[in-house]
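Okay, coords.txt now, which holds compact mmCIF, C-alpha atoms:
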```txt
# COMPACT_ATOMS: atom_id res chain seq x y z
CA MET A 159 18.58 -3.42 1.09
CA SER A 160 18.07 -1.31 4.25
CA ASP A 161 18.81 -2.69 7.68
CA VAL A 162 15.73 -3.45 9.78
CA SER A 163 16.85 -0.93 12.44
CA THR A 164 16.42 1.89 9.93
CA VAL A 165 12.76 1.09 9.39
CA ILE A 166 11.60 -0.50 12.67
CA LYS A 167 12.21 0.56 16.26
CA ARG A 168 11.48 -2.34 18.61
CA GLU A 169 10.28 -1.85 22.18
CA GLU A 170 9.73 -4.76 24.58
CA LEU A 171 7.08 -4.38 27.28
CA GLY A 172 6.67 -7.71 29.04
CA ASP A 173 5.04 -10.14 26.62
CA VAL A 174 4.32 -7.29 24.27
CA ALA A 175 6.58 -6.14 21.45
CA ILE A 176 5.79 -2.77 19.95
CA LEU A 177 7.30 -2.38 16.49
CA ARG A 178 7.32 1.29 15.62
CA ILE A 179 7.54 1.65 11.84
CA LEU A 180 9.97 4.49 11.13
CA THR A 181 9.70 4.70 7.35
CA ASN A 182 6.87 6.87 6.05
CA SER A 183 6.30 4.62 3.04
CA VAL A 184 5.41 0.96 3.46
CA ASP A 185 5.90 -0.17 -0.12
CA ALA A 186 7.96 -2.49 -2.31
CA VAL A 187 11.13 -0.53 -1.56
CA SER A 188 10.89 -0.74 2.24
CA ALA A 189 9.21 -4.16 2.36
CA SER A 190 12.28 -6.36 2.64
CA ALA A 191 13.72 -4.40 5.56
CA ILE A 192 10.37 -4.35 7.37
CA GLU A 193 9.90 -8.07 6.77
CA GLN A 194 13.05 -8.89 8.74
CA ALA A 195 11.24 -7.90 11.93
CA SER A 196 8.57 -10.57 11.35
CA SER A 197 11.04 -13.29 12.34
CA ASN A 198 11.05 -12.15 15.97
CA MET A 199 7.51 -11.93 17.28
CA ASN A 200 6.29 -11.78 20.89
CA PRO A 201 3.06 -13.38 22.17
CA ILE A 202 1.52 -9.98 21.51
CA THR A 203 3.03 -7.86 18.77
CA VAL A 204 1.80 -4.37 17.97
CA LEU A 205 2.68 -2.51 14.79
CA ASP A 206 2.73 1.25 15.28
CA PHE A 207 1.85 3.25 12.14
CA ALA A 208 2.19 6.72 13.68
CA ASP A 209 4.94 7.74 11.23
CA VAL A 210 3.50 5.95 8.20
CA ALA A 211 2.11 8.23 5.49
CA PHE A 212 1.71 5.68 2.70
CA ILE A 213 0.92 1.96 2.32
CA ASN A 214 0.34 0.19 -1.00
CA SER A 215 -0.46 -3.44 -1.82
CA ALA A 216 3.23 -4.41 -1.67
CA GLY A 217 3.20 -2.91 1.83
CA ILE A 218 0.01 -4.78 2.73
CA SER A 219 1.74 -7.94 1.55
CA VAL A 220 4.63 -7.47 3.96
CA LEU A 221 2.22 -6.69 6.81
CA LEU A 222 0.47 -9.97 6.05
CA LYS A 223 3.79 -11.74 6.60
CA PHE A 224 3.60 -10.56 10.20
CA VAL A 225 0.07 -11.99 10.38
CA VAL A 226 1.25 -15.33 8.99
CA ALA A 227 4.24 -15.44 11.38
CA ALA A 228 2.03 -14.61 14.38
CA ARG A 229 -0.58 -17.23 13.47
CA LYS A 230 2.08 -19.95 13.10
CA GLU A 231 3.16 -19.34 16.71
CA GLY A 232 -0.34 -18.79 18.07
CA HIS A 233 0.53 -15.18 18.78
CA LYS A 234 -1.64 -12.08 18.50
CA ILE A 235 -0.94 -9.06 16.35
CA PHE A 236 -2.52 -5.62 16.47
CA CYS A 237 -1.93 -2.23 14.96
CA ILE A 238 -2.13 1.25 16.44
CA HIS A 239 -2.10 4.84 15.16
CA VAL A 240 -3.56 3.90 11.77
CA SER A 241 -4.64 6.96 9.77
CA PRO A 242 -8.28 7.25 8.64
CA HIS A 243 -7.21 6.67 5.01
CA HIS A 244 -5.30 3.52 5.89
CA GLN A 245 -8.19 2.33 8.04
CA LYS A 246 -10.34 2.63 4.90
CA ILE A 247 -7.84 0.62 2.85
CA PHE A 248 -7.45 -2.05 5.56
CA LYS A 249 -11.24 -2.33 5.67
CA MET A 250 -11.46 -2.66 1.88
CA VAL A 251 -9.15 -5.69 1.86
CA GLU A 252 -10.49 -6.95 5.21
CA MET A 253 -7.06 -6.75 6.78
CA THR A 254 -8.49 -5.88 10.17
CA ARG A 255 -9.99 -9.37 10.53
CA PHE A 256 -6.43 -10.60 11.00
CA MET A 257 -4.70 -7.52 12.42
CA PRO A 258 -7.22 -5.54 14.47
CA ILE A 259 -6.74 -1.82 15.03
CA ILE A 260 -6.70 -0.89 18.71
CA GLU A 261 -6.15 2.27 20.70
CA GLU A 262 -2.79 2.43 22.47
CA GLN A 263 -4.46 3.06 25.81
CA ASP A 264 -6.50 -0.14 25.41
CA LEU A 265 -3.39 -2.28 25.04
CA ALA A 266 -2.65 -2.68 28.75
CA ALA A 267 -6.28 -3.60 29.41
CA TYR A 268 -6.16 -6.20 26.64
CA VAL A 269 -3.03 -7.95 27.87
CA ASP A 270 -4.38 -7.95 31.45
CA ALA A 271 -7.62 -9.52 30.31
CA ASN A 272 -5.79 -12.18 28.31
CA GLY A 273 -3.27 -13.22 30.92
CA ALA A 274 -0.16 -11.85 29.28
CA GLN A 275 2.35 -9.82 31.19
CA ALA A 276 1.20 -6.24 30.93
CA PRO A 277 3.41 -3.36 29.92
CA SER A 278 4.85 -1.74 33.04
CA SER A 279 4.22 1.83 31.92
CA MET B 64 -5.08 21.11 -21.21
CA ASN B 65 -1.66 20.75 -19.58
CA ARG B 66 0.23 17.51 -20.10
CA ILE B 67 3.22 16.25 -18.16
CA HIS B 68 5.28 13.29 -19.32
CA LEU B 69 7.49 11.17 -17.09
CA HIS B 70 9.67 8.27 -18.18
CA ILE B 71 11.02 6.06 -15.42
CA PRO B 72 13.18 2.94 -15.49
CA SER B 73 11.54 -0.26 -14.26
CA ASP B 74 12.86 0.23 -10.74
CA LEU B 75 10.32 0.42 -7.93
CA LEU B 76 12.27 3.24 -6.32
CA PHE B 77 11.01 5.52 -9.08
CA GLU B 78 7.39 4.60 -8.37
CA ARG B 79 7.83 7.00 -5.46
CA VAL B 80 8.70 9.81 -7.88
CA VAL B 81 5.52 9.26 -9.87
CA ARG B 82 3.48 9.05 -6.68
CA ALA B 83 4.91 12.34 -5.39
CA SER B 84 4.15 13.98 -8.76
CA ALA B 85 0.57 12.71 -8.59
CA ALA B 86 0.16 14.19 -5.12
CA GLU B 87 1.40 17.60 -6.26
CA LEU B 88 -0.93 17.58 -9.23
CA GLY B 89 -3.84 16.48 -7.06
CA THR B 90 -3.18 19.50 -4.86
CA THR B 91 -3.04 21.73 -7.95
CA MET B 92 -6.40 20.35 -9.06
CA GLY B 93 -7.96 21.20 -5.70
CA PHE B 94 -8.61 17.63 -4.63
CA SER B 95 -9.27 16.96 -0.95
CA ASP B 96 -6.56 15.37 1.18
CA GLU B 97 -8.45 12.06 1.18
CA ARG B 98 -8.84 12.15 -2.61
CA ILE B 99 -5.13 12.83 -2.99
CA GLU B 100 -4.40 9.74 -0.86
CA ASP B 101 -6.71 7.73 -3.15
CA LEU B 102 -4.88 9.12 -6.19
CA LYS B 103 -1.44 8.32 -4.76
CA LEU B 104 -2.42 4.74 -4.02
CA ALA B 105 -4.09 4.13 -7.39
CA VAL B 106 -1.07 5.56 -9.26
CA SER B 107 1.31 3.56 -7.08
CA GLU B 108 -0.53 0.33 -7.83
CA ALA B 109 -0.64 1.05 -11.57
CA VAL B 110 3.06 1.91 -11.80
CA THR B 111 4.02 -1.10 -9.68
CA ASN B 112 1.96 -3.33 -12.00
CA ALA B 113 3.65 -1.81 -15.05
CA ILE B 114 7.12 -2.40 -13.60
CA GLU B 115 6.60 -5.85 -12.08
CA HIS B 116 4.15 -7.44 -14.52
CA GLY B 117 4.17 -5.34 -17.70
CA ASN B 118 7.92 -4.96 -17.99
CA SER B 119 8.69 -8.03 -15.85
CA GLY B 120 11.10 -5.92 -13.82
CA LYS B 121 13.51 -5.43 -16.74
CA ARG B 122 15.25 -2.28 -15.62
CA THR B 123 16.05 -1.16 -19.15
CA ALA B 124 12.35 -1.19 -20.08
CA SER B 125 10.82 2.16 -19.25
CA VAL B 126 7.40 3.06 -17.96
CA GLU B 127 5.80 6.17 -19.41
CA VAL B 128 3.41 8.19 -17.30
CA ILE B 129 1.32 11.01 -18.79
CA PHE B 130 -0.61 13.35 -16.53
CA SER B 131 -3.29 15.37 -18.34
CA LEU B 132 -4.82 18.22 -16.37
CA ASP B 133 -8.21 19.19 -17.74
CA GLN B 134 -10.82 21.65 -16.49
CA ASP B 135 -12.85 18.89 -14.92
CA LYS B 136 -10.47 16.01 -14.36
CA LEU B 137 -6.98 14.65 -13.90
CA GLU B 138 -6.19 11.77 -16.24
CA ILE B 139 -3.14 9.58 -15.77
CA GLU B 140 -1.90 7.13 -18.40
CA ILE B 141 0.57 4.48 -17.24
CA ILE B 142 2.16 2.73 -20.20
CA ASP B 143 4.51 -0.24 -20.10
CA SER B 144 6.41 -1.83 -22.97
CA GLY B 145 5.59 -5.44 -22.13
CA PRO B 146 3.95 -8.07 -24.30
CA GLY B 147 0.41 -7.10 -23.29
CA VAL B 148 -2.19 -8.81 -21.15
CA GLN B 149 -5.40 -10.68 -21.92
CA SER B 150 -7.32 -9.00 -19.12
CA PHE B 151 -7.04 -7.33 -15.75
CA ASN B 152 -8.79 -8.96 -12.83
CA THR B 153 -10.56 -6.36 -10.70
CA ASP B 154 -12.64 -8.83 -8.71
CA ARG B 155 -13.01 -7.83 -5.11
CA ARG B 156 -9.90 -9.17 -3.45
CA VAL B 157 -9.67 -9.45 0.30
CA VAL B 158 -7.41 -11.19 2.77
CA GLU B 159 -8.63 -14.76 3.15
CA GLU B 160 -7.61 -17.64 5.40
CA ASP B 161 -6.74 -19.95 2.52
CA ASN B 162 -4.53 -17.35 0.85
CA LEU B 163 -2.66 -16.67 4.07
CA GLU B 164 -1.98 -20.39 4.53
CA ALA B 165 -0.82 -20.67 0.91
CA GLY B 166 1.40 -17.60 1.15
CA MET B 167 -0.62 -15.75 -1.53
CA LEU B 168 -0.26 -12.27 -0.12
CA ARG B 169 -0.40 -10.11 -3.27
CA GLY B 170 -3.00 -9.32 -5.92
CA PHE B 171 -4.95 -6.44 -4.36
CA GLY B 172 -3.69 -3.83 -6.82
CA MET B 173 -6.31 -3.78 -9.56
CA TYR B 174 -9.14 -4.15 -7.06
CA LEU B 175 -7.84 -1.11 -5.16
CA ILE B 176 -7.48 0.91 -8.38
CA SER B 177 -11.03 0.06 -9.44
CA GLU B 178 -12.37 1.28 -6.10
CA LEU B 179 -10.25 4.41 -5.73
CA VAL B 180 -10.55 6.21 -9.07
CA ASP B 181 -13.67 7.56 -10.78
CA GLN B 182 -12.95 5.85 -14.10
CA TYR B 183 -10.32 3.55 -15.50
CA GLU B 184 -9.73 1.75 -18.78
CA VAL B 185 -7.16 -0.67 -20.11
CA GLN B 186 -5.77 -0.84 -23.63
CA SER B 187 -3.37 -3.67 -24.31
CA SER B 188 -1.54 -4.95 -27.37
CA SER B 189 1.60 -6.91 -28.12
CA GLU B 190 3.52 -3.63 -27.83
CA GLY B 191 2.46 -2.78 -24.32
CA THR B 192 -0.36 -1.97 -21.97
CA CYS B 193 -1.84 1.43 -21.15
CA LEU B 194 -3.86 1.83 -17.98
CA LYS B 195 -5.78 5.10 -17.97
CA LEU B 196 -7.07 6.49 -14.67
CA ARG B 197 -9.40 9.46 -14.22
CA ILE B 198 -10.29 11.44 -11.13
CA PHE B 199 -12.75 14.28 -11.52
CA ARG B 200 -12.34 17.69 -9.95
CA PRO B 201 -14.84 18.31 -7.16
CA ASN B 202 -17.77 20.52 -8.14
CA LYS B 203 -17.36 24.04 -6.93
CA PRO B 204 -20.40 25.58 -5.23
CA SER B 205 -22.18 28.02 -7.58
```
Output the file's structure in the form of structure tokens.
Amino acid sequence: MSDVSTVIKREELGDVAILRILTNSVDAVSASAIEQASSNMNPITVLDFADVAFINSAGISVLLKFVVAARKEGHKIFCIHVSPHHQKIFKMVEMTRFMPIIEEQDLAAYVDANGAQAPSS
Amino acid sequence: MNRIHLHIPSDLLFERVVRASAAELGTTMGFSDERIEDLKLAVSEAVTNAIEHGNSGKRTASVEVIFSLDQDKLEIEIIDSGPGVQSFNTDRRVVEEDNLEAGMLRGFGMYLISELVDQYEVQSSSEGTCLKLRIFRPNKPS
């Protein structure tokens, strides 16, 4: 099993955690390492898919574990840099109802509007 | 018709090998980038099903994959050596509140396959299950 640091790079920006997914394939092989990051969520957690080229249903399953963990704590979760193909797949399974896709530049505005501590940059 | 046979152990790591092969063949067939992504996902779901459900993850049980390149289509057969299935459920499957609460986070595979390929069919017996996927070559302008 891979260590979480090989598949997720974590950045803390105030109340916001940005989890940059480093593996290009979110699938059954990478799922267990990615899942480890779901145990440490911030009030606002953002999953960054910029480097992700492939997601299958095993990958969707592990992403839903982040949704479940966030909901248990009353936290919010978003995703950024989702490719058009993955946007189509997320829409097909209605994933975006629970993990909305936002633009990175809109993140600071969102946290300001919702009273969280905004990213400093 | 050109046919390519792959035999992989029931180890999900090798699903990636089949997926990469599918992508290469999709390129050879002249599929668009988006169609190749559809193909990769459908093949990935089918091979994952064959490993996890068909062969119940028994590493010694192999999965056979046959790519058939025809003039008008790419056909992929994914064959496990499990005990067979009564049916595949391709009902539309989306993320729902109740399933999240209950921890039921899987089960999208067959629904995705049914949406992403042009045709599919299932043949199952006590000796295994064959899932056949077809994606047609785009029409060339005359």
In terms of the shortest atom-to-atom distance over all atoms listed in the file, which of A:Cys237, A:Ala175, A:Val269, A:Ala227 is closest to chain B? A:Ala227
Which of A:Asn214, A:Ser190, A:Ser197, A:Ser163 sits closest to chain B [using all atoms listed in the file]: A:Asn214
Give me the chain A side of the contact with chain B, cut-off 12 Å, one line per residue showing its nearest atom pair and distance in Å at one decimal, counting all atoms listed in the file, sorted by chain and residue number, as JSON lines.
```
{"residue": "A:Met159", "atom": "CA", "partner": "B:Leu76", "partner_atom": "CA", "distance": 11.8}
{"residue": "A:Asn182", "atom": "CA", "partner": "B:Arg79", "partner_atom": "CA", "distance": 11.6}
{"residue": "A:Ser183", "atom": "CA", "partner": "B:Arg79", "partner_atom": "CA", "distance": 9.0}
{"residue": "A:Val184", "atom": "CA", "partner": "B:Arg79", "partner_atom": "CA", "distance": 11.0}
{"residue": "A:Asp185", "atom": "CA", "partner": "B:Leu75", "partner_atom": "CA", "distance": 9.0}
{"residue": "A:Ala186", "atom": "CA", "partner": "B:Leu75", "partner_atom": "CA", "distance": 6.8}
{"residue": "A:Val187", "atom": "CA", "partner": "B:Leu76", "partner_atom": "CA", "distance": 6.2}
{"residue": "A:Ser188", "atom": "CA", "partner": "B:Leu76", "partner_atom": "CA", "distance": 9.5}
{"residue": "A:Ala189", "atom": "CA", "partner": "B:Leu75", "partner_atom": "CA", "distance": 11.3}
{"residue": "A:Ala211", "atom": "CA", "partner": "B:Glu100", "partner_atom": "CA", "distance": 9.2}
{"residue": "A:Phe212", "atom": "CA", "partner": "B:Leu104", "partner_atom": "CA", "distance": 7.9}
{"residue": "A:Ile213", "atom": "CA", "partner": "B:Leu104", "partner_atom": "CA", "distance": 7.7}
{"residue": "A:Asn214", "atom": "CA", "partner": "B:Leu104", "partner_atom": "CA", "distance": 6.1}
{"residue": "A:Ser215", "atom": "CA", "partner": "B:Gly172", "partner_atom": "CA", "distance": 6.0}
{"residue": "A:Ala216", "atom": "CA", "partner": "B:Arg169", "partner_atom": "CA", "distance": 6.9}
{"residue": "A:Gly217", "atom": "CA", "partner": "B:Arg169", "partner_atom": "CA", "distance": 9.5}
{"residue": "A:Ile218", "atom": "CA", "partner": "B:Leu168", "partner_atom": "CA", "distance": 8.0}
{"residue": "A:Ser219", "atom": "CA", "partner": "B:Leu168", "partner_atom": "CA", "distance": 5.1}
{"residue": "A:Val220", "atom": "CA", "partner": "B:Leu168", "partner_atom": "CA", "distance": 8.0}
{"residue": "A:Leu221", "atom": "CA", "partner": "B:Leu168", "partner_atom": "CA", "distance": 9.2}
{"residue": "A:Leu222", "atom": "CA", "partner": "B:Leu168", "partner_atom": "CA", "distance": 6.6}
{"residue": "A:Lys223", "atom": "CA", "partner": "B:Leu168", "partner_atom": "CA", "distance": 7.9}
{"residue": "A:Phe224", "atom": "CA", "partner": "B:Leu163", "partner_atom": "CA", "distance": 10.7}
{"residue": "A:Val225", "atom": "CA", "partner": "B:Leu163", "partner_atom": "CA", "distance": 8.3}
{"residue": "A:Val226", "atom": "CA", "partner": "B:Leu163", "partner_atom": "CA", "distance": 6.4}
{"residue": "A:Ala227", "atom": "CA", "partner": "B:Leu163", "partner_atom": "CA", "distance": 10.1}
{"residue": "A:Ala228", "atom": "CA", "partner": "B:Leu163", "partner_atom": "CA", "distance": 11.5}
{"residue": "A:Arg229", "atom": "CA", "partner": "B:Glu164", "partner_atom": "CA", "distance": 9.6}
{"residue": "A:Lys230", "atom": "CA", "partner": "B:Glu164", "partner_atom": "CA", "distance": 9.5}
{"residue": "A:Ser241", "atom": "CA", "partner": "B:Glu97", "partner_atom": "CA", "distance": 10.7}
{"residue": "A:Pro242", "atom": "CA", "partner": "B:Glu97", "partner_atom": "CA", "distance": 8.9}
{"residue": "A:His243", "atom": "CA", "partner": "B:Glu97", "partner_atom": "CA", "distance": 6.7}
{"residue": "A:His244", "atom": "CA", "partner": "B:Glu100", "partner_atom": "CA", "distance": 9.2}
{"residue": "A:Gln245", "atom": "CA", "partner": "B:Glu97", "partner_atom": "CA", "distance": 11.9}
{"residue": "A:Lys246", "atom": "CA", "partner": "B:Asp101", "partner_atom": "CA", "distance": 10.2}
{"residue": "A:Ile247", "atom": "CA", "partner": "B:Leu175", "partner_atom": "CA", "distance": 8.2}
{"residue": "A:Phe248", "atom": "CA", "partner": "B:Val157", "partner_atom": "CA", "distance": 9.3}
{"residue": "A:Lys249", "atom": "CA", "partner": "B:Val157", "partner_atom": "CA", "distance": 9.1}
{"residue": "A:Met250", "atom": "CA", "partner": "B:Val157", "partner_atom": "CA", "distance": 7.2}
{"residue": "A:Val251", "atom": "CA", "partner": "B:Val157", "partner_atom": "CA", "distance": 4.1}
{"residue": "A:Glu252", "atom": "CA", "partner": "B:Val157", "partner_atom": "CA", "distance": 5.6}
{"residue": "A:Met253", "atom": "CA", "partner": "B:Val158", "partner_atom": "CA", "distance": 6.0}
{"residue": "A:Thr254", "atom": "CA", "partner": "B:Val158", "partner_atom": "CA", "distance": 9.2}
{"residue": "A:Arg255", "atom": "CA", "partner": "B:Val158", "partner_atom": "CA", "distance": 8.4}
{"residue": "A:Phe256", "atom": "CA", "partner": "B:Val158", "partner_atom": "CA", "distance": 8.3}
{"residue": "A:Met257", "atom": "CA", "partner": "B:Val158", "partner_atom": "CA", "distance": 10.7}
```
Please list, as a PDB file with C-alpha atoms, keeping the file's coordinate frame, the residues that have an atom at most 10 Å away from (-2.1, -5.1, 20.7) in the coordinates of this file, counting all atoms listed in the file.
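This is the output file out_13.pdb:
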```pdb
ATOM      1  CA  VAL A 174       4.320  -7.290  24.270  1.00  0.00           C
ATOM      2  CA  ALA A 175       6.580  -6.140  21.450  1.00  0.00           C
ATOM      3  CA  ILE A 176       5.790  -2.770  19.950  1.00  0.00           C
ATOM      4  CA  PRO A 201       3.060 -13.380  22.170  1.00  0.00           C
ATOM      5  CA  ILE A 202       1.520  -9.980  21.510  1.00  0.00           C
ATOM      6  CA  THR A 203       3.030  -7.860  18.770  1.00  0.00           C
ATOM      7  CA  VAL A 204       1.800  -4.370  17.970  1.00  0.00           C
ATOM      8  CA  LEU A 205       2.680  -2.510  14.790  1.00  0.00           C
ATOM      9  CA  ASP A 206       2.730   1.250  15.280  1.00  0.00           C
ATOM     10  CA  LYS A 234      -1.640 -12.080  18.500  1.00  0.00           C
ATOM     11  CA  ILE A 235      -0.940  -9.060  16.350  1.00  0.00           C
ATOM     12  CA  PHE A 236      -2.520  -5.620  16.470  1.00  0.00           C
ATOM     13  CA  CYS A 237      -1.930  -2.230  14.960  1.00  0.00           C
ATOM     14  CA  ILE A 238      -2.130   1.250  16.440  1.00  0.00           C
ATOM     15  CA  MET A 257      -4.700  -7.520  12.420  1.00  0.00           C
ATOM     16  CA  PRO A 258      -7.220  -5.540  14.470  1.00  0.00           C
ATOM     17  CA  ILE A 259      -6.740  -1.820  15.030  1.00  0.00           C
ATOM     18  CA  ILE A 260      -6.700  -0.890  18.710  1.00  0.00           C
ATOM     19  CA  GLU A 261      -6.150   2.270  20.700  1.00  0.00           C
ATOM     20  CA  GLU A 262      -2.790   2.430  22.470  1.00  0.00           C
ATOM     21  CA  GLN A 263      -4.460   3.060  25.810  1.00  0.00           C
ATOM     22  CA  ASP A 264      -6.500  -0.140  25.410  1.00  0.00           C
ATOM     23  CA  LEU A 265      -3.390  -2.280  25.040  1.00  0.00           C
ATOM     24  CA  ALA A 266      -2.650  -2.680  28.750  1.00  0.00           C
ATOM     25  CA  ALA A 267      -6.280  -3.600  29.410  1.00  0.00           C
ATOM     26  CA  TYR A 268      -6.160  -6.200  26.640  1.00  0.00           C
ATOM     27  CA  VAL A 269      -3.030  -7.950  27.870  1.00  0.00           C
TER      28      VAL A 269
END
```
Using only C-alpha atoms, pick whichever of A:Leu171, A:Val240, A:Ala271, A:Leu177 has the shortest atom-to-atom distance to Ser196 in chain A. A:Leu177
Atomic separation - CA of Gly89 in chain B relative to CA of Asn118 in chain B, Å: 26.8 Å
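Going from CA of Lys167 in chain A to CA of Met199 in chain A covers 13.4 Å.
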Among the residues B:Ser131, B:Thr90, B:Ser73, B:Asn152, the one that comes closest to Ile176 in chain B [using only C-alpha atoms]: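 Once distances to Ile176 in chain B are computed over only C-alpha atoms, the minimum belongs to B:Asn152.
Counting from CA of Ile198 in chain B, the distance to CA of Ser150 in chain B is 22.1 Å.
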